[in-house]
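Have a look at coords-v8.txt below; it lists compact mmCIF, C-alpha atoms and all ligand atoms.
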```txt
# COMPACT_ATOMS: atom_id res chain seq x y z
CA MET A 17 -18.65 -44.74 16.17
CA GLY A 18 -20.20 -42.75 13.34
CA ALA A 19 -17.99 -41.34 10.63
CA ARG A 20 -17.16 -37.66 10.91
CA PRO A 21 -17.26 -35.44 7.83
CA THR A 22 -13.80 -34.35 6.77
CA LEU A 23 -13.90 -30.61 7.33
CA THR A 24 -10.97 -29.62 5.15
CA LYS A 25 -10.29 -27.96 1.81
CA PRO A 26 -11.59 -27.68 -0.86
CA HIS A 27 -14.85 -27.40 1.10
CA PHE A 28 -13.47 -25.47 4.04
CA PHE A 29 -10.16 -23.65 4.43
CA SER A 30 -8.56 -23.18 7.83
CA LEU A 31 -6.98 -19.90 8.89
CA ASP A 32 -3.58 -21.58 8.41
CA ASP A 33 -4.49 -22.53 4.81
CA ILE A 34 -5.55 -18.95 4.09
CA ASP A 35 -2.46 -17.47 5.73
CA ALA A 36 -0.24 -19.76 3.66
CA VAL A 37 -1.73 -18.24 0.49
CA ALA A 38 -1.32 -14.72 1.88
CA GLU A 39 2.32 -15.51 2.64
CA ALA A 40 2.86 -16.74 -0.93
CA VAL A 41 1.46 -13.44 -2.24
CA ARG A 42 3.62 -11.44 0.17
CA ALA A 43 6.73 -13.26 -1.06
CA HIS A 44 6.19 -11.60 -4.47
CA ALA A 45 5.84 -8.10 -3.01
CA PRO A 46 7.50 -7.82 0.39
CA GLY A 47 6.18 -4.92 2.42
CA PHE A 48 3.20 -4.29 0.14
CA THR A 49 -0.10 -3.93 2.03
CA PRO A 50 -3.17 -3.63 -0.21
CA ARG A 51 -5.94 -1.32 0.94
CA VAL A 52 -8.38 -2.28 -1.80
CA GLY A 53 -9.06 -5.61 -3.47
CA LEU A 54 -10.53 -5.31 -6.96
CA ILE A 55 -12.11 -8.23 -8.79
CA LEU A 56 -12.48 -7.82 -12.56
CA GLY A 57 -15.15 -9.94 -14.20
CA SER A 58 -15.74 -11.39 -17.66
CA GLY A 59 -14.28 -9.24 -20.42
CA LEU A 60 -13.37 -6.50 -17.92
CA GLY A 61 -9.77 -7.54 -17.19
CA ALA A 62 -8.34 -4.72 -19.30
CA VAL A 63 -9.44 -2.25 -16.61
CA ALA A 64 -6.21 -3.29 -14.86
CA GLU A 65 -4.14 -1.66 -17.62
CA ALA A 66 -5.23 1.70 -16.21
CA ALA A 67 -3.48 0.90 -12.93
CA ALA A 68 -0.06 2.47 -12.86
CA ASP A 69 2.93 1.41 -10.76
CA VAL A 70 2.69 -2.36 -10.88
CA VAL A 71 4.70 -3.93 -8.08
CA ALA A 72 4.11 -7.60 -8.96
CA THR A 73 2.10 -9.78 -11.33
CA ILE A 74 1.37 -13.29 -10.11
CA PRO A 75 -0.28 -16.01 -12.22
CA TYR A 76 -2.96 -17.76 -10.14
CA ALA A 77 -1.22 -21.06 -10.91
CA ASP A 78 1.77 -19.91 -8.83
CA LEU A 79 -0.30 -19.60 -5.66
CA PRO A 80 -1.29 -22.57 -3.49
CA ASP A 81 -5.04 -23.36 -3.47
CA TRP A 82 -5.91 -20.28 -5.57
CA PRO A 83 -8.79 -21.22 -7.92
CA GLU A 84 -7.80 -20.73 -11.54
CA SER A 85 -10.33 -19.33 -14.00
CA THR A 86 -11.02 -21.89 -16.68
CA VAL A 87 -13.25 -19.57 -18.70
CA TRP A 88 -12.21 -17.74 -21.80
CA GLY A 89 -12.11 -13.99 -21.08
CA HIS A 90 -10.37 -14.26 -17.70
CA ALA A 91 -6.59 -13.71 -17.71
CA GLY A 92 -6.04 -15.46 -14.37
CA ARG A 93 -3.50 -13.32 -12.61
CA LEU A 94 -3.11 -11.12 -9.62
CA ILE A 95 -1.69 -7.63 -10.04
CA LEU A 96 -0.32 -5.76 -7.04
CA GLY A 97 0.35 -2.09 -7.48
CA TYR A 98 -0.66 1.50 -6.89
CA TRP A 99 -3.59 3.14 -8.62
CA GLN A 100 -4.43 6.75 -7.83
CA GLY A 101 -1.86 6.39 -5.08
CA GLN A 102 -3.81 3.55 -3.42
CA PRO A 103 -2.22 0.15 -2.89
CA VAL A 104 -4.52 -2.26 -4.73
CA LEU A 105 -4.64 -5.97 -5.32
CA ILE A 106 -6.35 -6.63 -8.64
CA MET A 107 -7.76 -9.99 -9.72
CA GLN A 108 -7.79 -10.21 -13.50
CA GLY A 109 -10.40 -12.91 -13.72
CA ARG A 110 -12.19 -14.96 -11.10
CA ALA A 111 -13.40 -18.50 -10.52
CA HIS A 112 -17.11 -19.32 -10.66
CA TYR A 113 -19.17 -22.01 -8.98
CA TYR A 114 -20.20 -23.42 -12.37
CA GLU A 115 -16.59 -24.27 -13.15
CA GLY A 116 -16.76 -26.93 -10.46
CA TYR A 117 -15.20 -25.07 -7.56
CA THR A 118 -16.70 -25.12 -4.10
CA MET A 119 -18.08 -21.96 -2.54
CA ALA A 120 -15.07 -21.97 -0.19
CA GLN A 121 -12.68 -22.00 -3.15
CA ILE A 122 -14.49 -19.15 -4.89
CA SER A 123 -14.28 -16.99 -1.80
CA LEU A 124 -10.72 -17.90 -0.78
CA PRO A 125 -9.21 -14.91 -2.66
CA VAL A 126 -11.35 -12.46 -0.65
CA ARG A 127 -10.18 -13.98 2.61
CA VAL A 128 -6.58 -13.76 1.41
CA MET A 129 -7.11 -10.07 0.55
CA ARG A 130 -8.43 -9.49 4.06
CA ARG A 131 -5.47 -11.24 5.69
CA LEU A 132 -3.14 -9.13 3.55
CA GLY A 133 -4.75 -6.04 5.01
CA ALA A 134 -7.42 -4.95 2.51
CA ASP A 135 -10.32 -2.99 4.02
CA TYR A 136 -12.28 -2.58 0.79
CA LEU A 137 -13.56 -4.93 -1.88
CA PHE A 138 -14.48 -3.46 -5.26
CA VAL A 139 -16.22 -6.17 -7.22
CA THR A 140 -17.24 -6.06 -10.87
CA ASN A 141 -19.03 -8.44 -13.20
CA ALA A 142 -20.68 -8.75 -16.57
CA ALA A 143 -24.43 -9.14 -16.17
CA GLY A 144 -27.59 -9.44 -18.18
CA GLY A 145 -29.93 -6.45 -17.94
CA VAL A 146 -33.24 -7.60 -16.49
CA ASN A 147 -34.52 -4.04 -16.05
CA PRO A 148 -35.95 -3.20 -19.50
CA ALA A 149 -34.58 0.36 -19.28
CA PHE A 150 -30.98 -0.89 -19.22
CA GLU A 151 -28.92 -0.94 -22.41
CA PRO A 152 -25.90 -3.11 -23.18
CA GLY A 153 -22.84 -1.07 -22.29
CA ASP A 154 -24.45 0.57 -19.23
CA LEU A 155 -22.77 0.37 -15.84
CA MET A 156 -24.95 -0.44 -12.82
CA LEU A 157 -24.13 0.36 -9.24
CA ILE A 158 -25.20 -2.65 -7.18
CA ARG A 159 -27.42 -1.40 -4.35
CA ASP A 160 -28.33 -4.84 -3.06
CA HIS A 161 -28.39 -8.44 -4.22
CA ILE A 162 -30.67 -11.44 -4.32
CA ASN A 163 -28.74 -14.57 -3.45
CA PHE A 164 -30.50 -17.08 -5.65
CA MET A 165 -27.73 -19.65 -5.29
CA GLY A 166 -27.68 -19.18 -1.54
CA LEU A 167 -31.25 -18.91 -0.36
CA ALA A 168 -31.61 -22.67 -0.69
CA GLY A 169 -28.27 -23.59 0.83
CA LEU A 170 -25.08 -22.63 -1.01
CA SER A 171 -23.02 -20.31 1.16
CA PRO A 172 -19.31 -19.51 1.18
CA LEU A 173 -19.67 -19.32 4.98
CA ARG A 174 -20.93 -22.89 5.35
CA GLY A 175 -18.73 -24.97 7.61
CA PRO A 176 -16.79 -24.11 10.72
CA ASN A 177 -16.93 -20.35 11.30
CA LEU A 178 -13.55 -18.65 11.25
CA ASP A 179 -13.93 -16.20 14.12
CA ALA A 180 -10.81 -14.32 13.00
CA PHE A 181 -12.91 -13.01 10.10
CA GLY A 182 -16.34 -12.46 11.60
CA PRO A 183 -19.38 -13.86 13.38
CA ARG A 184 -21.27 -17.07 12.68
CA PHE A 185 -24.41 -15.20 11.61
CA PRO A 186 -23.34 -12.01 9.83
CA ASP A 187 -25.86 -9.29 9.02
CA MET A 188 -26.30 -8.56 5.29
CA GLY A 189 -28.57 -5.54 5.71
CA HIS A 190 -25.88 -3.12 4.50
CA ALA A 191 -23.78 -5.33 2.25
CA TYR A 192 -23.02 -2.54 -0.26
CA ASP A 193 -21.44 0.41 1.48
CA PRO A 194 -23.59 3.59 1.25
CA ALA A 195 -20.59 5.94 1.41
CA LEU A 196 -18.85 4.11 -1.45
CA MET A 197 -22.06 4.26 -3.49
CA ASP A 198 -22.16 8.02 -2.94
CA LEU A 199 -18.56 8.33 -4.11
CA ALA A 200 -19.36 6.33 -7.25
CA ARG A 201 -22.38 8.55 -7.97
CA GLU A 202 -20.24 11.65 -7.53
CA VAL A 203 -17.54 10.32 -9.88
CA ALA A 204 -20.14 9.38 -12.52
CA ARG A 205 -21.76 12.81 -12.28
CA GLU A 206 -18.47 14.64 -12.65
CA ALA A 207 -17.33 12.43 -15.53
CA GLY A 208 -20.69 12.77 -17.29
CA LEU A 209 -21.12 9.03 -17.20
CA THR A 210 -24.50 7.27 -17.00
CA LEU A 211 -24.59 5.11 -13.90
CA ARG A 212 -27.64 2.89 -13.45
CA GLU A 213 -28.49 1.47 -10.05
CA GLY A 214 -30.23 -1.67 -8.98
CA VAL A 215 -30.39 -5.14 -7.55
CA TYR A 216 -28.07 -7.87 -8.83
CA VAL A 217 -29.31 -11.43 -8.68
CA GLY A 218 -26.66 -14.14 -8.48
CA VAL A 219 -27.46 -17.44 -10.17
CA ALA A 220 -25.27 -20.53 -10.54
CA GLY A 221 -25.15 -20.89 -14.33
CA PRO A 222 -23.45 -21.81 -16.61
CA GLN A 223 -26.59 -21.96 -18.74
CA PHE A 224 -28.20 -18.62 -19.40
CA GLU A 225 -31.74 -18.23 -18.08
CA THR A 226 -34.95 -19.17 -19.82
CA PRO A 227 -37.48 -16.40 -20.49
CA ALA A 228 -39.63 -17.82 -17.66
CA ASP A 229 -36.62 -17.78 -15.28
CA LEU A 230 -36.06 -14.14 -16.21
CA ARG A 231 -39.67 -13.10 -15.72
CA LEU A 232 -39.51 -14.66 -12.24
CA LEU A 233 -36.30 -12.77 -11.43
CA HIS A 234 -37.79 -9.54 -12.77
CA GLN A 235 -40.88 -9.94 -10.60
CA ALA A 236 -38.65 -10.68 -7.63
CA GLY A 237 -37.04 -7.26 -8.02
CA ALA A 238 -33.87 -8.04 -9.97
CA ASP A 239 -32.39 -5.43 -12.31
CA ALA A 240 -29.38 -7.47 -13.47
CA VAL A 241 -28.47 -11.15 -13.45
CA GLY A 242 -25.08 -12.83 -13.37
CA MET A 243 -23.15 -15.90 -12.26
CA SER A 244 -20.73 -14.48 -9.71
CA THR A 245 -20.18 -11.72 -7.14
CA VAL A 246 -22.65 -12.72 -4.43
CA PRO A 247 -20.40 -15.35 -2.72
CA GLU A 248 -17.46 -12.93 -2.76
CA VAL A 249 -19.54 -10.09 -1.33
CA ILE A 250 -20.90 -12.28 1.48
CA THR A 251 -17.36 -13.34 2.36
CA ALA A 252 -16.15 -9.74 2.34
CA VAL A 253 -19.04 -8.46 4.48
CA HIS A 254 -18.53 -11.32 6.95
CA SER A 255 -14.94 -10.18 7.39
CA GLY A 256 -15.86 -6.51 7.87
CA MET A 257 -14.74 -5.25 4.46
CA ARG A 258 -16.58 -2.34 2.84
CA VAL A 259 -17.94 -3.33 -0.55
CA LEU A 260 -18.53 -1.47 -3.82
CA GLY A 261 -20.22 -3.52 -6.56
CA ILE A 262 -20.51 -2.57 -10.21
CA SER A 263 -22.17 -4.59 -12.97
CA GLY A 264 -21.39 -4.03 -16.61
CA ILE A 265 -24.61 -4.69 -18.51
CA SER A 266 -23.39 -6.87 -21.36
CA ASN A 267 -26.68 -7.92 -22.88
CA ARG A 268 -30.41 -7.55 -22.52
CA ALA A 269 -31.78 -10.53 -20.66
CA ASN A 270 -34.14 -12.41 -22.91
CA LEU A 271 -37.42 -11.94 -21.05
CA ASP A 272 -39.63 -12.20 -24.13
CA GLY A 273 -37.84 -15.16 -25.71
CA LYS A 274 -37.02 -13.22 -28.86
CA THR A 275 -33.23 -12.97 -28.59
CA THR A 276 -30.31 -15.24 -27.70
CA THR A 277 -27.41 -14.64 -25.32
CA SER A 278 -23.82 -15.78 -25.89
CA HIS A 279 -20.51 -15.58 -24.04
CA GLU A 280 -18.98 -13.84 -27.08
CA GLU A 281 -21.56 -11.07 -26.78
CA VAL A 282 -20.72 -10.72 -23.09
CA LEU A 283 -16.97 -10.40 -23.77
CA GLU A 284 -17.50 -7.95 -26.64
CA ALA A 285 -19.61 -5.66 -24.46
CA GLY A 286 -16.95 -5.93 -21.75
CA LYS A 287 -14.41 -4.37 -24.06
CA ARG A 288 -16.72 -1.43 -24.74
CA MET A 289 -17.40 -0.86 -21.04
CA THR A 290 -13.77 -1.01 -19.96
CA PRO A 291 -12.92 2.73 -20.29
CA ASN A 292 -15.98 3.85 -18.30
CA LEU A 293 -15.39 1.25 -15.62
CA ALA A 294 -11.75 2.31 -15.33
CA THR A 295 -12.87 5.96 -14.96
CA LEU A 296 -15.33 5.02 -12.23
CA VAL A 297 -12.90 2.85 -10.26
CA ALA A 298 -10.08 5.38 -10.57
CA GLY A 299 -12.37 8.18 -9.42
CA VAL A 300 -13.52 6.28 -6.34
CA LEU A 301 -9.94 5.28 -5.50
CA ALA A 302 -8.86 8.91 -5.75
CA ARG A 303 -11.57 9.91 -3.24
CA LEU A 304 -10.99 7.16 -0.66
N1 LIG A 401 -27.39 -14.07 -17.52
C1 LIG A 401 -26.55 -14.56 -16.59
N2 LIG A 401 -25.28 -14.19 -16.48
C2 LIG A 401 -24.83 -13.29 -17.36
C3 LIG A 401 -25.65 -12.74 -18.36
C4 LIG A 401 -27.01 -13.16 -18.44
O1 LIG A 401 -27.78 -12.72 -19.30
N3 LIG A 401 -24.89 -11.87 -19.07
C5 LIG A 401 -23.64 -11.89 -18.50
N4 LIG A 401 -23.61 -12.74 -17.47
```
In structure tokens, write the structure found in this file.
Ligand code: HPA
Amino acid sequence: MGARPTLTKPHFFSLDDIDAVAEAVRAHAPGFTPRVGLILGSGLGAVAEAAADVVATIPYADLPDWPESTVWGHAGRLILGYWQGQPVLIMQGRAHYYEGYTMAQISLPVRVMRRLGADYLFVTNAAGGVNPAFEPGDLMLIRDHINFMGLAGLSPLRGPNLDAFGPRFPDMGHAYDPALMDLAREVAREAGLTLREGVYVGVAGPQFETPADLRLLHQAGADAVGMSTVPEVITAVHSGMRVLGISGISNRANLDGKTTTSHEEVLEAGKRMTPNLATLVAGVLARL
């Protein structure tokens, strides 16, 4: 008899595991059903302060199996409340693959959001600007992504398919919802806010890219590069959620080898982008 792989967490979560986390969240806010899940990336956590009517704040450590963010710049708590009248579940900080988590752990929060009732995922991140026209401080609407960590094998959907969420082989041809993109464009126009658009490439990190890495990514069609988002978006699309993705361009990617990139720079730019990101998210929420 050959040994069987153990198909359990942290590599794969069962529907019961996921529902247990959802139940733990519900215990903090009985009767609250989020419509939108919002993930706030590096240095962008303060966007949550714009959300009024907080119903509950839950440290990630109080939830079973929830991956804690170990990186400086991520508060590590869940905020449930109403923003522009919409029930939202906000993640102030996220876990990344480079921290040592599995793809299943990184994407667990999205599955919990879905089981709690969320139909939308708004996902944000700090990213390096690969497109030379982009300036630090710009916001970029993600039109599509390149799954650099996934093309060779890393997928949050690896393992037994959970049919309750979606099919074994989900289509990714329309991962970023066109109607949500239109709403974001409309909000930016009305607020007089510059909104770039482009392709986000997800890499594993934690090291920043070499100039040669970046020239490759640029030639491949990337406009921004970061170490998150793609696994969460794949998980959301698999489960039928409609996704809006926004990158905050925190630094110019070092294509010519003449600059350096640091986490401090990324967090500092995050602070500057927070008001515009809050305006954009609030505007889209108000139009949903
Ligand atoms: N590269 C990768 N990830 C990042 C960057 C970058 O330049 N900036 C912020 N996140």
Write out as a tab-separated table (two decimals) with C-alpha atoms, in the frame of the given file the residues lying within 8 Å of Pro247 (chain A), counting only C-alpha atoms and excluding same-chain residues fewer than 5 positions away.
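Now in out.tsv:
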```tsv
chain	number	residue	atom	x	y	z
A	119	MET	CA	-18.08	-21.96	-2.54
A	122	ILE	CA	-14.49	-19.15	-4.89
A	123	SER	CA	-14.28	-16.99	-1.80
A	171	SER	CA	-23.02	-20.31	1.16
A	172	PRO	CA	-19.31	-19.51	1.18
```
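Using only C-alpha atoms, the shortest contact distance between Phe28 (chain A) and any of A:Gly166, A:Pro176, A:Gly144, A:Pro152 is found at A:Pro176.
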Between A:Ser244, A:Thr276, A:Gln108, A:Thr226, which is the closest to Asn141 (chain A) once you count all atoms listed in the file? A:Ser244
Of A:Gly299, A:Asp193, A:Phe164, A:Phe29, the one sitting nearest Leu232 (chain A) when using all atoms listed in the file is A:Phe164
Once you count only C-alpha atoms, what closest atom pair and distance in Å to one decimal does each residue of region 138-192 of chain A within 12 Å of region 33-51 of chain A have, with rows by chain and rising residue number, as JSON lines?
```
{"residue": "A:Phe138", "atom": "CA", "partner": "A:Arg51", "partner_atom": "CA", "distance": 10.8}
{"residue": "A:Leu178", "atom": "CA", "partner": "A:Ile34", "partner_atom": "CA", "distance": 10.7}
{"residue": "A:Ala180", "atom": "CA", "partner": "A:Ile34", "partner_atom": "CA", "distance": 11.3}
{"residue": "A:Phe181", "atom": "CA", "partner": "A:Ile34", "partner_atom": "CA", "distance": 11.2}
```
Using only C-alpha atoms and all ligand atoms, find each residue with an atom at most 7 Å away from ligand LIG 401 (chain A) and format the answer as a list in words. Ala142, Ala143, Gly144, Gly145, Gly221, Phe224, Glu225, Val241, Gly242, Met243, Ser266, Asn267, Arg268, Ala269, Thr277 and Val282 of chain A
Please indicate the distance in Å from CA of Leu167 (chain A) to CA of Pro183 (chain A), rounded to one decimal place. 18.8 Å
Where atoms are lacking, region 237-254 of chain A completed to N, CA and C atoms, as a CSV table (one decimal), keeping the file's coordinate frame:
```csv
chain,number,residue,atom,x,y,z
A,237,GLY,N,-37.7,-8.5,-8.3
A,237,GLY,CA,-37.0,-7.3,-8.0
A,237,GLY,C,-35.6,-7.1,-8.6
A,238,ALA,N,-35.2,-8.1,-9.4
A,238,ALA,CA,-33.9,-8.0,-10.0
A,238,ALA,C,-33.8,-7.0,-11.1
A,239,ASP,N,-32.7,-6.3,-11.2
A,239,ASP,CA,-32.4,-5.4,-12.3
A,239,ASP,C,-31.3,-6.0,-13.2
A,240,ALA,N,-30.5,-6.9,-12.7
A,240,ALA,CA,-29.4,-7.5,-13.5
A,240,ALA,C,-29.1,-8.9,-12.9
A,241,VAL,N,-28.7,-9.8,-13.8
A,241,VAL,CA,-28.5,-11.2,-13.4
A,241,VAL,C,-27.1,-11.6,-13.9
A,242,GLY,N,-26.4,-12.3,-13.0
A,242,GLY,CA,-25.1,-12.8,-13.4
A,242,GLY,C,-24.7,-14.1,-12.5
A,243,MET,N,-23.5,-14.6,-12.8
A,243,MET,CA,-23.2,-15.9,-12.3
A,243,MET,C,-22.0,-15.8,-11.3
A,244,SER,N,-21.9,-14.6,-10.6
A,244,SER,CA,-20.7,-14.5,-9.7
A,244,SER,C,-21.1,-13.5,-8.6
A,245,THR,N,-20.1,-12.9,-8.0
A,245,THR,CA,-20.2,-11.7,-7.1
A,245,THR,C,-20.8,-12.0,-5.8
A,246,VAL,N,-22.0,-12.6,-5.7
A,246,VAL,CA,-22.6,-12.7,-4.4
A,246,VAL,C,-21.8,-13.5,-3.4
A,247,PRO,N,-21.2,-14.7,-3.7
A,247,PRO,CA,-20.4,-15.4,-2.7
A,247,PRO,C,-19.2,-14.5,-2.2
A,248,GLU,N,-18.6,-13.8,-3.1
A,248,GLU,CA,-17.5,-12.9,-2.8
A,248,GLU,C,-17.9,-11.8,-1.8
A,249,VAL,N,-19.1,-11.2,-2.2
A,249,VAL,CA,-19.5,-10.1,-1.3
A,249,VAL,C,-19.9,-10.6,0.1
A,250,ILE,N,-20.6,-11.7,0.2
A,250,ILE,CA,-20.9,-12.3,1.5
A,250,ILE,C,-19.6,-12.5,2.3
A,251,THR,N,-18.6,-13.1,1.7
A,251,THR,CA,-17.4,-13.3,2.4
A,251,THR,C,-16.7,-12.0,2.8
A,252,ALA,N,-16.8,-11.0,2.0
A,252,ALA,CA,-16.2,-9.7,2.3
A,252,ALA,C,-16.9,-9.1,3.5
A,253,VAL,N,-18.2,-9.1,3.4
A,253,VAL,CA,-19.0,-8.5,4.5
A,253,VAL,C,-18.8,-9.2,5.8
A,254,HIS,N,-18.8,-10.5,5.7
A,254,HIS,CA,-18.5,-11.3,7.0
A,254,HIS,C,-17.2,-10.9,7.6
```
